[in-house]
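> This is the structure I want to talk about, given as structure tokens.
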Amino acid sequence: MRWRIRFLDTRPLRSSRPFRDLWIGSSASQLGGQIATVAVLAQVWDLTGSPVGTGAIGLATGLPMVVFGLLGGTLADSVDRRAVVRATSVGQLLAAAGLCAQALADNRNVPLLLALVAVGTACGALGAPARRTFPVRLLSSDQVAAGLALTNVSFQAAMLAGPALAGLIIAHWGFPAAYAAQAVAVAVSMLAVIRLPAMKPEGADAAGGRRRPERGGWGIILRRPTLWGSMATDLSATLFAMPIALFPLVNEIRFDGNPQTLGLFLSAVAVGGITAGLLSGTVTRRRRGGLVQLSAAGVWGVALACFGLAGPLWLALGCLAVAGAADTVSVVTRSALVQLETPDAYRGRVSSVEHVIGVAGPELGNFRGGLLASATSASFALVAGGLSAVLAIAAVAAANAPLRAYRTPPATAEPTARGVADAATAAAG
């Protein structure tokens, strides 16, 4: 079958007003989150002047993200998911208001600042699994991947524009204005969620209760080759080939430690991701999502191995752009596959597992790369990591025929009926 280059598929925005509201709210929230991230980093550095202080931000965000992300999965399979996101959005808004208040009060207490960051992160993580289930409930099956691609494009755009906008806001109006911008963005996101229809998990009885599935998210993942294969592919790519921790060392060795070059490394990944997003109609209309994800993850590994060998700056940036594009394709196809293949009664918990893998995999991959580079060299760590990722992905592909053969359900499939049937099958299995 011939591949045609297609631009971003905007059908979800045209066909579903609730999804359009969700996308606008999520885009605002992502931009506000990037502004707040820069503001917190700058304020902590201003208060401590220590990399230990800025490193503590990772602790304040990482732990709540994992712990409350898992709790959020169980919650999302127990009650109305819209209500969960509403409540957690209120928590995020209060945390953003707290950050703004402490900046206005000229707070010098770093633990207080980090505590507010942790509260906001915990609320976001608690609602993340429920929020992840929205597109598959709002869109027909053939548009789910396109909807996720639109969300990914807005995230990549926020990654590019957010830090620059944060710098302008902080330079002209200070930290309170940056946190106020985040609060406004969260409020916009919350208003969008309020307009969504109720989204109780499939299988609720007439009295409004919930029949608890007999097994949790891990059970359904391990019993469905498409699910564990998709997540194993993502974990293989990030655990073996995550390059971010090696950027400063590569920059120091090859490009004299120029900070502008270091910024170009990160920008190149984002530019590749946005480009792939803008052309995502090429892959979101393909029904062979498993093969697309496997192929994109393999390209990610090869591109990063080539980055480890690249001499000229233009070649290094080109490799990173290719890696960023491949990552976007892999993430979009994986997210669509996971949502479509998971019975609705389990979607919250499966989404929480996907969330944790998405958070832990890159962090562990960066740690692995740093350790290997310290024992060998940056080039060896990048090349070995990229090739190891390719081999691990190939092993998943060889062992998982259902993932290779996976096809997106036809557009005529009814999500609600499919969710009920799958939940009954899963509970019986």
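FYI, nothing fancy with the structure tokens labels: chains A, B, ... in order, residues from 1 per chain, ligands from 1 as they appear.
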Where does range 327-375 of chain A meet range 76-87 of chain A within 12 Å, residue by residue, with the nearest atom pair and distance in Å to one decimal for each, counting only C-alpha atoms, listed by chain and rising number, as a tab-separated table?

```
residue	atom	partner	partner_atom	distance
A:Pro343	CA	A:Asp77	CA	10.7
A:Asp344	CA	A:Asp77	CA	8.2
A:Ala345	CA	A:Asp77	CA	5.9
A:Tyr346	CA	A:Asp77	CA	6.3
A:Arg347	CA	A:Asp77	CA	7.0
A:Gly348	CA	A:Ala76	CA	4.8
A:Arg349	CA	A:Asp77	CA	6.8
A:Val350	CA	A:Asp77	CA	9.7
A:Ser351	CA	A:Ala76	CA	9.3
A:Ser352	CA	A:Ala76	CA	9.2
```
> Give me the residues within 10 Å of Phe247 in chain A as a count of residues only, counting only C-alpha atoms and dropping any in the same chain fewer than 2 places off.
14
> What is the distance between CA of Thr61 in chain A and CA of Ala39 in chain A, in Å to one decimal?
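CA of Thr61 in chain A sits 14.4 Å away from CA of Ala39 in chain A.
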> Between A:Ala60, A:Leu139, A:Cys319, A:Leu148, single out the one closest to Val110 in chain A, counting only C-alpha atoms.
A:Ala60
> For Pro12 in chain A, which residue among A:Cys306, A:Leu63, A:Ala145, A:Ala122 is the nearest when counting only C-alpha atoms?
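Counting only C-alpha atoms, the residue closest to Pro12 in chain A is A:Ala145.
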> Write down as a PyMOL selection string the residues belonging to range 103-136 of chain A that are assigned helix (DSSP H, G or I) by DSSP computed on the backbone.
chain A and resi 103-104+110-132+134-136
> If you take only C-alpha atoms and a cut-off of 10 Å, which residues of range 59-178 of chain A touch range 400-412 of chain A, and what are their nearest atom pairs and distances in Å to one decimal, in chain and number order, as JSON lines?

```
{"residue": "A:Leu139", "atom": "CA", "partner": "A:Ala411", "partner_atom": "CA", "distance": 9.7}
{"residue": "A:Ser140", "atom": "CA", "partner": "A:Ala411", "partner_atom": "CA", "distance": 6.0}
{"residue": "A:Ser141", "atom": "CA", "partner": "A:Ala411", "partner_atom": "CA", "distance": 5.4}
{"residue": "A:Asp142", "atom": "CA", "partner": "A:Ala411", "partner_atom": "CA", "distance": 5.1}
{"residue": "A:Gln143", "atom": "CA", "partner": "A:Ala411", "partner_atom": "CA", "distance": 8.1}
{"residue": "A:Val144", "atom": "CA", "partner": "A:Thr408", "partner_atom": "CA", "distance": 9.5}
{"residue": "A:Ala145", "atom": "CA", "partner": "A:Thr408", "partner_atom": "CA", "distance": 9.3}
```
> Could you save the residues just selected, with C-alpha atoms, as a short mmCIF file (atom, residue, chain, number, x, y, z; two decimals), in the first residue's frame?

```
data_model
loop_
_atom_site.label_atom_id
_atom_site.label_comp_id
_atom_site.auth_asym_id
_atom_site.auth_seq_id
_atom_site.Cartn_x
_atom_site.Cartn_y
_atom_site.Cartn_z
CA LEU A 139 -14.10 10.36 19.18
CA SER A 140 -14.83 7.51 16.79
CA SER A 141 -12.13 4.84 16.74
CA ASP A 142 -10.65 5.98 13.43
CA GLN A 143 -10.09 9.49 14.83
CA VAL A 144 -8.52 8.62 18.21
CA ALA A 145 -4.95 8.62 16.89
#
```
> Taking only C-alpha atoms into account, name the residue in A:Leu41, A:Ala96, A:Leu246, A:Ile357 that is nearest to Val184 in chain A.
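Checking each of A:Leu41, A:Ala96, A:Leu246, A:Ile357 against Val184 in chain A, counting only C-alpha atoms, the winner is A:Ala96.
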> Quick check, in Å to one decimal: how far apart do CA of Ser154 in chain A and CA of Leu313 in chain A lie?
27.6 Å
> Find the spatial neighbours of Gly72 in chain A, counting only C-alpha atoms, within a cut-off of 6 Å - ignore same-chain residues fewer than 3 positions away - and output them as a PyMOL selection string.
chain A and resi 68-69+75-76+126-127+129
> Write a file of the just-selected residues containing N, CA and C atoms, as a compact mmCIF listing (two decimals), in the first residue's frame.

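For reference, again23.txt as written:
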```txt
# COMPACT_ATOMS: atom_id res chain seq x y z
N PHE A 68 0.67 9.35 43.00
CA PHE A 68 -0.72 9.77 42.77
C PHE A 68 -1.20 9.38 41.37
N GLY A 69 -0.28 9.16 40.45
CA GLY A 69 -0.68 8.66 39.14
C GLY A 69 -1.30 7.28 39.24
N LEU A 75 -9.00 5.41 40.94
CA LEU A 75 -10.10 6.37 41.10
C LEU A 75 -10.88 6.54 39.79
N ALA A 76 -10.14 6.58 38.68
CA ALA A 76 -10.79 6.79 37.38
C ALA A 76 -11.68 5.62 36.97
N LEU A 126 -3.12 12.86 39.84
CA LEU A 126 -4.33 12.15 40.26
C LEU A 126 -5.39 12.18 39.17
N GLY A 127 -5.44 13.27 38.42
CA GLY A 127 -6.43 13.38 37.35
C GLY A 127 -5.95 12.90 36.00
N PRO A 129 -4.80 9.91 34.70
CA PRO A 129 -5.37 8.70 34.09
C PRO A 129 -6.79 8.92 33.59
```
> Per residue of range 135-254 of chain A within 10 Å of range 335-342 of chain A, which atom pair is closest and at what distance in Å (one decimal), using only C-alpha atoms, listed by chain and increasing number, as JSON lines?

```
{"residue": "A:Pro135", "atom": "CA", "partner": "A:Gln339", "partner_atom": "CA", "distance": 8.6}
{"residue": "A:Val136", "atom": "CA", "partner": "A:Gln339", "partner_atom": "CA", "distance": 6.4}
{"residue": "A:Arg137", "atom": "CA", "partner": "A:Gln339", "partner_atom": "CA", "distance": 9.5}
{"residue": "A:Ser141", "atom": "CA", "partner": "A:Leu340", "partner_atom": "CA", "distance": 7.2}
{"residue": "A:Asp142", "atom": "CA", "partner": "A:Ala336", "partner_atom": "CA", "distance": 9.7}
{"residue": "A:Gln143", "atom": "CA", "partner": "A:Ala336", "partner_atom": "CA", "distance": 9.2}
{"residue": "A:Val144", "atom": "CA", "partner": "A:Ala336", "partner_atom": "CA", "distance": 5.9}
{"residue": "A:Ala145", "atom": "CA", "partner": "A:Ala336", "partner_atom": "CA", "distance": 5.0}
{"residue": "A:Ala146", "atom": "CA", "partner": "A:Ala336", "partner_atom": "CA", "distance": 8.7}
{"residue": "A:Gly147", "atom": "CA", "partner": "A:Ala336", "partner_atom": "CA", "distance": 8.9}
{"residue": "A:Leu148", "atom": "CA", "partner": "A:Ala336", "partner_atom": "CA", "distance": 7.0}
{"residue": "A:Ala149", "atom": "CA", "partner": "A:Ala336", "partner_atom": "CA", "distance": 9.3}
{"residue": "A:Gly217", "atom": "CA", "partner": "A:Thr342", "partner_atom": "CA", "distance": 9.3}
{"residue": "A:Ile220", "atom": "CA", "partner": "A:Thr342", "partner_atom": "CA", "distance": 7.8}
{"residue": "A:Ile221", "atom": "CA", "partner": "A:Thr342", "partner_atom": "CA", "distance": 8.3}
{"residue": "A:Arg224", "atom": "CA", "partner": "A:Glu341", "partner_atom": "CA", "distance": 8.5}
{"residue": "A:Thr226", "atom": "CA", "partner": "A:Glu341", "partner_atom": "CA", "distance": 7.6}
{"residue": "A:Leu227", "atom": "CA", "partner": "A:Val338", "partner_atom": "CA", "distance": 6.0}
{"residue": "A:Trp228", "atom": "CA", "partner": "A:Val338", "partner_atom": "CA", "distance": 9.3}
{"residue": "A:Ser230", "atom": "CA", "partner": "A:Val338", "partner_atom": "CA", "distance": 7.6}
{"residue": "A:Met231", "atom": "CA", "partner": "A:Val338", "partner_atom": "CA", "distance": 8.4}
```
> CA of Thr275 in chain A and CA of Thr333 in chain A are how many Å apart?
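Spanning CA of Thr275 in chain A to CA of Thr333 in chain A is a straight-line distance of 15.9 Å.
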> Of the candidates A:Val67, A:Ala183, A:Leu279, A:Ile194, which one gets nearest to Ala101 in chain A if we count only C-alpha atoms?
A:Ala183
> Could you check the closest approach to Leu113 in chain A for each of A:Gly272, A:Gly53, A:Pro64, A:Gly32 and tell me which residue wins, using only C-alpha atoms?
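Among A:Gly272, A:Gly53, A:Pro64, A:Gly32, it is A:Gly53 that comes nearest to Leu113 in chain A.
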> Of the residues A:Asn107, A:Thr74, A:Thr88, A:Ser267, which is the one nearest to Gln43 in chain A, using only C-alpha atoms?
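Among the listed residues, the smallest separation from Gln43 in chain A belongs to A:Asn107.
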> At a cut-off of 12 Å, using only C-alpha atoms, what residues contact Ala384 in chain A? Leave out same-chain residues fewer than 2 positions from it and give the result as a PDB file with N, CA and C atoms, in the first residue's frame.

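And here's selection.pdb as it stands now:
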```pdb
ATOM      1  N   PHE A 240      16.779   2.351  27.190  1.00  0.00           N
ATOM      2  CA  PHE A 240      18.090   2.106  26.603  1.00  0.00           C
ATOM      3  C   PHE A 240      18.678   3.311  25.862  1.00  0.00           C
ATOM      4  N   ALA A 241      17.834   4.243  25.404  1.00  0.00           N
ATOM      5  CA  ALA A 241      18.363   5.254  24.481  1.00  0.00           C
ATOM      6  C   ALA A 241      18.013   6.693  24.835  1.00  0.00           C
ATOM      7  N   MET A 242      17.557   6.970  26.059  1.00  0.00           N
ATOM      8  CA  MET A 242      17.215   8.355  26.404  1.00  0.00           C
ATOM      9  C   MET A 242      18.489   9.201  26.433  1.00  0.00           C
ATOM     10  N   PRO A 243      18.553  10.295  25.675  1.00  0.00           N
ATOM     11  CA  PRO A 243      19.831  11.003  25.502  1.00  0.00           C
ATOM     12  C   PRO A 243      19.997  12.283  26.315  1.00  0.00           C
ATOM     13  N   GLY A 301      15.897   4.764  18.008  1.00  0.00           N
ATOM     14  CA  GLY A 301      17.160   4.178  18.448  1.00  0.00           C
ATOM     15  C   GLY A 301      18.281   4.398  17.453  1.00  0.00           C
ATOM     16  N   VAL A 302      18.004   4.199  16.160  1.00  0.00           N
ATOM     17  CA  VAL A 302      19.019   4.388  15.121  1.00  0.00           C
ATOM     18  C   VAL A 302      19.461   5.845  15.070  1.00  0.00           C
ATOM     19  N   LEU A 304      19.493   8.103  17.430  1.00  0.00           N
ATOM     20  CA  LEU A 304      20.311   8.485  18.575  1.00  0.00           C
ATOM     21  C   LEU A 304      21.685   7.823  18.524  1.00  0.00           C
ATOM     22  N   ALA A 305      21.766   6.623  17.961  1.00  0.00           N
ATOM     23  CA  ALA A 305      23.071   6.013  17.750  1.00  0.00           C
ATOM     24  C   ALA A 305      23.885   6.849  16.762  1.00  0.00           C
ATOM     25  N   CYS A 306      23.238   7.344  15.715  1.00  0.00           N
ATOM     26  CA  CYS A 306      23.916   8.213  14.742  1.00  0.00           C
ATOM     27  C   CYS A 306      24.329   9.539  15.381  1.00  0.00           C
ATOM     28  N   PHE A 307      23.493  10.058  16.281  1.00  0.00           N
ATOM     29  CA  PHE A 307      23.854  11.277  17.011  1.00  0.00           C
ATOM     30  C   PHE A 307      25.144  11.069  17.806  1.00  0.00           C
ATOM     31  N   GLY A 308      25.309   9.868  18.340  1.00  0.00           N
ATOM     32  CA  GLY A 308      26.518   9.570  19.093  1.00  0.00           C
ATOM     33  C   GLY A 308      27.775   9.589  18.247  1.00  0.00           C
ATOM     34  N   LEU A 309      27.624   9.409  16.934  1.00  0.00           N
ATOM     35  CA  LEU A 309      28.772   9.401  16.029  1.00  0.00           C
ATOM     36  C   LEU A 309      28.916  10.684  15.228  1.00  0.00           C
ATOM     37  N   ARG A 368      20.725   5.637  33.392  1.00  0.00           N
ATOM     38  CA  ARG A 368      21.546   4.600  32.779  1.00  0.00           C
ATOM     39  C   ARG A 368      22.596   5.207  31.854  1.00  0.00           C
ATOM     40  N   GLY A 369      22.172   6.164  31.019  1.00  0.00           N
ATOM     41  CA  GLY A 369      23.104   6.787  30.094  1.00  0.00           C
ATOM     42  C   GLY A 369      24.215   7.522  30.803  1.00  0.00           C
ATOM     43  N   LEU A 372      26.719   4.920  32.246  1.00  0.00           N
ATOM     44  CA  LEU A 372      27.528   4.290  31.207  1.00  0.00           C
ATOM     45  C   LEU A 372      28.534   5.283  30.630  1.00  0.00           C
ATOM     46  N   ALA A 373      28.114   6.523  30.441  1.00  0.00           N
ATOM     47  CA  ALA A 373      29.032   7.530  29.900  1.00  0.00           C
ATOM     48  C   ALA A 373      30.173   7.822  30.869  1.00  0.00           C
ATOM     49  N   THR A 376      32.559   4.980  30.405  1.00  0.00           N
ATOM     50  CA  THR A 376      33.142   4.837  29.061  1.00  0.00           C
ATOM     51  C   THR A 376      33.290   6.212  28.423  1.00  0.00           C
ATOM     52  N   SER A 377      32.346   6.568  27.574  1.00  0.00           N
ATOM     53  CA  SER A 377      32.325   7.886  26.932  1.00  0.00           C
ATOM     54  C   SER A 377      30.900   8.188  26.490  1.00  0.00           C
ATOM     55  N   ALA A 378      30.645   9.457  26.190  1.00  0.00           N
ATOM     56  CA  ALA A 378      29.313   9.847  25.745  1.00  0.00           C
ATOM     57  C   ALA A 378      28.961   9.163  24.430  1.00  0.00           C
ATOM     58  N   SER A 379      29.921   9.106  23.515  1.00  0.00           N
ATOM     59  CA  SER A 379      29.657   8.482  22.211  1.00  0.00           C
ATOM     60  C   SER A 379      29.306   7.009  22.373  1.00  0.00           C
ATOM     61  N   PHE A 380      30.071   6.313  23.203  1.00  0.00           N
ATOM     62  CA  PHE A 380      29.802   4.891  23.404  1.00  0.00           C
ATOM     63  C   PHE A 380      28.428   4.696  24.041  1.00  0.00           C
ATOM     64  N   ALA A 381      28.105   5.532  25.038  1.00  0.00           N
ATOM     65  CA  ALA A 381      26.816   5.389  25.711  1.00  0.00           C
ATOM     66  C   ALA A 381      25.665   5.614  24.740  1.00  0.00           C
ATOM     67  N   LEU A 382      25.800   6.594  23.854  1.00  0.00           N
ATOM     68  CA  LEU A 382      24.736   6.890  22.898  1.00  0.00           C
ATOM     69  C   LEU A 382      24.598   5.781  21.854  1.00  0.00           C
ATOM     70  N   GLY A 386      21.464   3.312  21.732  1.00  0.00           N
ATOM     71  CA  GLY A 386      20.587   3.300  20.559  1.00  0.00           C
ATOM     72  C   GLY A 386      20.465   1.916  19.948  1.00  0.00           C
ATOM     73  N   LEU A 387      21.598   1.238  19.796  1.00  0.00           N
ATOM     74  CA  LEU A 387      21.576  -0.100  19.209  1.00  0.00           C
ATOM     75  C   LEU A 387      20.897  -1.107  20.134  1.00  0.00           C
ATOM     76  N   SER A 388      21.101  -0.959  21.447  1.00  0.00           N
ATOM     77  CA  SER A 388      20.426  -1.842  22.404  1.00  0.00           C
ATOM     78  C   SER A 388      18.909  -1.664  22.325  1.00  0.00           C
ATOM     79  N   ALA A 389      18.481  -0.410  22.162  1.00  0.00           N
ATOM     80  CA  ALA A 389      17.052  -0.146  22.018  1.00  0.00           C
ATOM     81  C   ALA A 389      16.495  -0.826  20.774  1.00  0.00           C
ATOM     82  N   VAL A 390      17.222  -0.739  19.675  1.00  0.00           N
ATOM     83  CA  VAL A 390      16.778  -1.370  18.431  1.00  0.00           C
ATOM     84  C   VAL A 390      16.661  -2.879  18.606  1.00  0.00           C
ATOM     85  N   LEU A 391      17.648  -3.481  19.248  1.00  0.00           N
ATOM     86  CA  LEU A 391      17.614  -4.931  19.470  1.00  0.00           C
ATOM     87  C   LEU A 391      16.455  -5.330  20.384  1.00  0.00           C
ATOM     88  N   ALA A 392      16.234  -4.549  21.438  1.00  0.00           N
ATOM     89  CA  ALA A 392      15.138  -4.866  22.360  1.00  0.00           C
ATOM     90  C   ALA A 392      13.787  -4.723  21.657  1.00  0.00           C
TER      91      ALA A 392
END
```
